[in-house]
Amino acid sequence: EFSSSITSVVDVEQKVEALLKQMTLEEKIGQMNQYSGFWDLTGPAPTGGNAAKKYEHLRKGYVGSMLNLRGVENVRKIQKIAIEETRLGIPLIIGFDVIHGYETLSPIPLAESASWDLEAIKKSAEVAAEEAAAAGINWTFAPMVDISRDARWGRVMEGAGEDPYLGSKIAIARVQGFQGSDLSQHTTLAACAKHFAGYGFSESGREYNTVDVGTSTLNNIIFPPFQASIDAGVRTFMNSFNELNGIPATGNRYLQRDILKNKWKFDGFVVSDWGSIEEMTAHGHAKDNKHAAEIAANAGSDMDMESYAYVNELAALVREGNVNEAYIDDAARRILRVKFELGLFEDPYKYCDEQREKEIIGQQAFHDASLDMAKKSIVLLKNKNQLLPLKKQGQKIALIGALASDKTSPLGNWRIAAKDNTAVSVLEGMQAYTGNQLTYAKGADVSLGKTQFTEELKINTTDRSEFPKALAVAKTADVVVMVLGEVGYQSGEGRSRTELGLPGVQQDLLEAIYEVNKNIVLVLNNGRPLVLNWHNEHIPAIVEAWQLGTQSGNAIAQVLYGDYNPSGKLPMSFPRAVGQIPIYYNYKNTGRPTLPAPGRVFWSHYQDVENTPLYSFGYGLSYTSFEYTNLQAEVLSDKEVSVSVMLKNTGKFTGKEVVQLYI
């Protein structure tokens, strides 16, 4: 009956309404329920405990989405249950954190943003979507479009930096890359703009912390990338863990109903972040999970990710009159709409082609795209006396640092589908250049033992036993290349830091090497801005190489040897001290912005450090030089001004320049 009643209808809205009329209250609430993968699909169905309860919910049609499920075989098995065993056969939407790639990883999003290359960023998202879709996934929890001015917050690695204009442009590029021009194509994913809203302004840069911002910041800094995502056609939003104006975002009606759905006319659906409905009890905003479900549903949170609140509590809340059934209809309607747009009703198994999975995942074209994006993401911070690019012949080069030989850390955080030890290391990248004598020494470990996504890192703060070997190698070298920074899991969710120097004993190693050979190229692997005062003062060449993904080592080597001229610009300011944070370029003037006279005290400043960042937003050098001349501005109308400049490459290398205009 279901099939014959809607397949002949062309209009998606008519199909949604026809299906809604056939659904019970519990089935509509089921569409609002999302579970993470809960049993090994290669084995028998679960028969006891919470997994068995979830399994029964799945068979009854009380599950609308699954996450953390991947691979065609697994997705097909779970989809088959939804299609063949439930009363109405409504397909599941399969979500996954495809943040900067699936198995083949591009640079972390903050690094990609340093390219300021919107077409390359869009291409990166396209590649990620095609590879993930081949594994059975059709929804990504990306892009993160939170603006943040605080490098202590680990999730800056997942965003586009501090600026709402650049952030908005990048949000559009990533949404368009993930979703393509036709969401029903089997190479696309539904995108998800997150986290709505204010998460990047967590107090003290501490993960999951409260947010307290004024309406100017909310409307002019935080909201624009979300609005841009809607303009780009994003189909889903994710709310955030933080509270705003004393109300958790998950239960915030102003954000979800008043702004997003009513003012901005968003017609996709909103998913909670993991457990964020249930967590309103920890906020002190709800007395129990039932109360939390009531608040979240009334506020406009459409899908519950792993709180079990909706599936267990909503039906009773509706029957008691505490939640209007119209809200349930609206949420189910939004979710079904996206499923129809993805083409899942036409073919529930369209993302489940085993042959395509074998042919697509890991293909060379994806590696080529990853390498291109990685090179464009590198920022040259310093190059005194043109130490870079390195000569390709006749030099003794010492390569030092545990991160130089690391094949996992360069993958960065949010790499849950990538295999360990699959990144090209800097050592491997430099070994491809055979004209010099290259000698490697570890110097010191950054972390102790294997790093895990779910565990706190143990940083090496004491073991300097490998220093002597590194010093011996450095003494006889013409140039020392040191690869230092953060391990891949030292930034990202839950990875807030109060100190932003080189972790562990790495600073001691750098200073020890400097005592025996000052001809140092410092290559930084990190997921956030660092404090680099000593380095800027002493080290002649500094390369910001972030965490660049699968092709990391090849990209870095090609930049070091001059086969690619770095053109990246910083998307976040690098502070002189942690005490300056939050620091950003587009600050408002105070009433006393400048020194009125030499020696005066009463103006906006610090006693111990100047106000400016060490490296500002938009900063980045090149191996060549550029000349700007003939700046002109012409008023075309009361709403339009044309600004032009003549740009000339005046150096010895071919190069690219990001022309920036600030108003």
# chains A, B, ... in the order shown; residues from 1 in each chain; ligands from 1

call {"tool": "select_by_dssp", "arguments": {"residues": "region 121-268 of chain A", "states": "strand (DSSP E or B)", "output": "PyMOL selection string"}}
result
chain A and resi 139-140+144+190+192-196+211+236-239+243-244+247-248

call {"tool": "closest_atom_pairs", "arguments": {"of": "region 106-173 of chain A", "to": "region 401-417 of chain A", "cutoff": "9 Å", "atoms": "only C-alpha atoms", "output": "CSV"}}
result
residue,atom,partner,partner_atom,distance
A:Ser106,CA,A:Leu411,CA,8.1
A:Pro107,CA,A:Leu411,CA,7.6
A:Ile108,CA,A:Gly412,CA,6.5
A:Met157,CA,A:Asn413,CA,8.3
A:Glu158,CA,A:Trp414,CA,8.6

call {"tool": "write_last_selection", "arguments": {"atoms": "N, CA, C and O atoms", "output": "mmCIF file, in the first residue's frame"}}
result
data_model
loop_
_atom_site.group_PDB
_atom_site.id
_atom_site.type_symbol
_atom_site.label_atom_id
_atom_site.label_comp_id
_atom_site.auth_asym_id
_atom_site.auth_seq_id
_atom_site.Cartn_x
_atom_site.Cartn_y
_atom_site.Cartn_z
ATOM 1 N N SER A 106 42.318 14.509 3.353
ATOM 2 C CA SER A 106 42.854 15.813 3.008
ATOM 3 C C SER A 106 43.352 16.476 4.289
ATOM 4 O O SER A 106 43.201 15.930 5.385
ATOM 5 N N PRO A 107 43.927 17.669 4.183
ATOM 6 C CA PRO A 107 44.325 18.382 5.399
ATOM 7 C C PRO A 107 43.131 18.633 6.323
ATOM 8 O O PRO A 107 41.977 18.669 5.882
ATOM 9 N N ILE A 108 43.418 18.820 7.612
ATOM 10 C CA ILE A 108 42.356 19.204 8.537
ATOM 11 C C ILE A 108 41.710 20.494 8.021
ATOM 12 O O ILE A 108 42.349 21.290 7.330
ATOM 13 N N MET A 157 40.644 23.174 14.886
ATOM 14 C CA MET A 157 41.168 22.392 13.760
ATOM 15 C C MET A 157 40.082 21.990 12.775
ATOM 16 O O MET A 157 40.357 21.713 11.609
ATOM 17 N N GLU A 158 38.834 22.001 13.234
ATOM 18 C CA GLU A 158 37.725 21.494 12.442
ATOM 19 C C GLU A 158 36.977 22.602 11.695
ATOM 20 O O GLU A 158 36.058 22.317 10.922
#

call {"tool": "residues_around", "arguments": {"residues": "Gln176 (chain A)", "least_positions_apart": "2", "cutoff": "12 Å", "atoms": "only C-alpha atoms", "output": "PyMOL selection string"}}
result
chain A and resi 118-127+129+142-143+169-174+178-183+188-193+228-235

call {"tool": "select_by_dssp", "arguments": {"residues": "region 83-316 of chain A", "states": "alpha helix (DSSP H)", "output": "NGL selection string"}}
result
:A and (83-84 or 109-113 or 118-134 or 164-179 or 215-217 or 224-231 or 253 or 289-299 or 309-316)

call {"tool": "closest_residue", "arguments": {"among": "A:Val481, A:Leu105, A:Val145, A:Ile335", "to": "Leu371 (chain A)", "atoms": "only C-alpha atoms"}}
result
A:Leu105

call {"tool": "residues_around", "arguments": {"residues": "Ala315 (chain A)", "least_positions_apart": "5", "cutoff": "12 Å", "atoms": "only C-alpha atoms", "output": "JSON, numbers by chain"}}
result
{"A": [24, 25, 26, 27, 28, 29, 30, 32, 62, 290, 293, 294, 297, 309, 310, 320, 321, 322, 323, 324, 325, 327, 328]}

call {"tool": "write_last_selection", "arguments": {"atoms": "N, CA and C atoms", "output": "compact mmCIF listing (two decimals), in the first residue's frame"}}
result
# COMPACT_ATOMS: atom_id res chain seq x y z
N THR A 24 1.95 5.87 12.25
CA THR A 24 1.48 6.02 13.63
C THR A 24 2.35 7.06 14.33
N LEU A 25 1.90 7.51 15.49
CA LEU A 25 2.69 8.46 16.28
C LEU A 25 4.06 7.87 16.59
N GLU A 26 4.09 6.60 16.99
CA GLU A 26 5.38 5.96 17.33
C GLU A 26 6.30 5.87 16.13
N GLU A 27 5.75 5.64 14.95
CA GLU A 27 6.59 5.55 13.75
C GLU A 27 7.15 6.91 13.37
N LYS A 28 6.37 7.96 13.57
CA LYS A 28 6.88 9.30 13.30
C LYS A 28 7.99 9.65 14.29
N ILE A 29 7.78 9.33 15.55
CA ILE A 29 8.82 9.55 16.55
C ILE A 29 10.05 8.71 16.23
N GLY A 30 9.84 7.51 15.70
CA GLY A 30 10.96 6.65 15.30
C GLY A 30 11.88 7.33 14.30
N MET A 32 12.68 10.26 14.33
CA MET A 32 13.42 11.24 15.11
C MET A 32 14.48 10.61 16.00
N TYR A 62 11.21 2.15 14.58
CA TYR A 62 11.40 3.20 15.58
C TYR A 62 12.81 3.79 15.52
N LYS A 290 12.89 12.53 30.45
CA LYS A 290 11.57 12.84 29.90
C LYS A 290 11.38 14.34 29.76
N ALA A 293 13.43 15.56 26.87
CA ALA A 293 12.78 15.28 25.58
C ALA A 293 11.70 16.32 25.30
N GLU A 294 10.94 16.67 26.30
CA GLU A 294 9.89 17.69 26.15
C GLU A 294 10.48 19.03 25.73
N ALA A 297 12.09 18.79 22.03
CA ALA A 297 11.10 18.68 20.96
C ALA A 297 10.35 20.00 20.77
N ALA A 309 15.95 9.63 24.37
CA ALA A 309 14.91 10.44 25.00
C ALA A 309 13.63 10.43 24.17
N TYR A 310 13.76 10.65 22.89
CA TYR A 310 12.56 10.72 22.04
C TYR A 310 11.86 9.37 21.95
N GLU A 320 0.04 13.23 26.82
CA GLU A 320 -0.22 14.02 28.03
C GLU A 320 -0.46 15.49 27.71
N GLY A 321 -0.22 15.87 26.44
CA GLY A 321 -0.44 17.26 26.04
C GLY A 321 0.74 18.18 26.29
N ASN A 322 1.90 17.64 26.63
CA ASN A 322 3.08 18.47 26.90
C ASN A 322 3.90 18.77 25.65
N VAL A 323 3.71 18.00 24.59
CA VAL A 323 4.34 18.26 23.30
C VAL A 323 3.24 18.18 22.24
N ASN A 324 3.15 19.20 21.44
CA ASN A 324 2.14 19.25 20.37
C ASN A 324 2.50 18.25 19.28
N GLU A 325 1.53 17.42 18.87
CA GLU A 325 1.82 16.44 17.82
C GLU A 325 2.22 17.11 16.51
N TYR A 327 4.40 19.32 16.23
CA TYR A 327 5.86 19.38 16.24
C TYR A 327 6.46 18.04 15.81
N ILE A 328 5.83 16.95 16.20
CA ILE A 328 6.29 15.62 15.78
C ILE A 328 6.14 15.48 14.26

call {"tool": "closest_atom_pairs", "arguments": {"of": "region 343-437 of chain A", "to": "region 611-623 of chain A", "cutoff": "7 Å", "atoms": "only C-alpha atoms", "output": "JSON lines"}}
result
{"residue": "A:Val379", "atom": "CA", "partner": "A:Gly620", "partner_atom": "CA", "distance": 5.6}
{"residue": "A:Leu380", "atom": "CA", "partner": "A:Leu621", "partner_atom": "CA", "distance": 5.1}
{"residue": "A:Leu381", "atom": "CA", "partner": "A:Gly620", "partner_atom": "CA", "distance": 5.8}

call {"tool": "residues_around", "arguments": {"residues": "Met305 (chain A)", "least_positions_apart": "6", "cutoff": "10 Å", "atoms": "only C-alpha atoms", "output": "JSON, numbers by chain"}}
result
{"A": [32, 33, 34, 35, 36, 65, 66, 67, 238, 271, 272, 273, 274, 275, 276, 277, 278]}

call {"tool": "residues_around", "arguments": {"residues": "Asn554 (chain A)", "least_positions_apart": "6", "cutoff": "7 Å", "atoms": "only C-alpha atoms", "output": "PyMOL selection string"}}
result
chain A and resi 424+426+429

call {"tool": "write_last_selection", "arguments": {"atoms": "N, CA, C and O atoms", "output": "PDB file, in the first residue's frame"}}
result
ATOM      1  N   VAL A 424      51.880   9.571   4.205  1.00  0.00           N
ATOM      2  CA  VAL A 424      53.267   9.688   3.750  1.00  0.00           C
ATOM      3  C   VAL A 424      53.995  10.572   4.759  1.00  0.00           C
ATOM      4  O   VAL A 424      53.575  11.702   5.031  1.00  0.00           O
ATOM      5  N   VAL A 426      57.162  12.826   6.422  1.00  0.00           N
ATOM      6  CA  VAL A 426      58.119  13.801   5.889  1.00  0.00           C
ATOM      7  C   VAL A 426      59.413  13.092   5.485  1.00  0.00           C
ATOM      8  O   VAL A 426      60.023  13.422   4.460  1.00  0.00           O
ATOM      9  N   GLY A 429      58.802  11.593   2.174  1.00  0.00           N
ATOM     10  CA  GLY A 429      58.711  12.635   1.158  1.00  0.00           C
ATOM     11  C   GLY A 429      60.070  13.181   0.774  1.00  0.00           C
ATOM     12  O   GLY A 429      60.356  13.406  -0.408  1.00  0.00           O
TER      13      GLY A 429
END

call {"tool": "residues_around", "arguments": {"residues": "Gln393 (chain A)", "least_positions_apart": "3", "cutoff": "9 Å", "atoms": "only C-alpha atoms", "output": "PyMOL selection string"}}
result
chain A and resi 390+434-437

call {"tool": "atom_distance", "arguments": {"atom1": "CA of Phe237 (chain A)", "atom2": "CA of Leu92 (chain A)"}}
result
17.7 Å

call {"tool": "atom_distance", "arguments": {"atom1": "CA of Arg464 (chain A)", "atom2": "CA of Asp445 (chain A)"}}
result
8.6 Å

call {"tool": "atom_distance", "arguments": {"atom1": "CA of Lys358 (chain A)", "atom2": "CA of Lys77 (chain A)"}}
result
17.8 Å
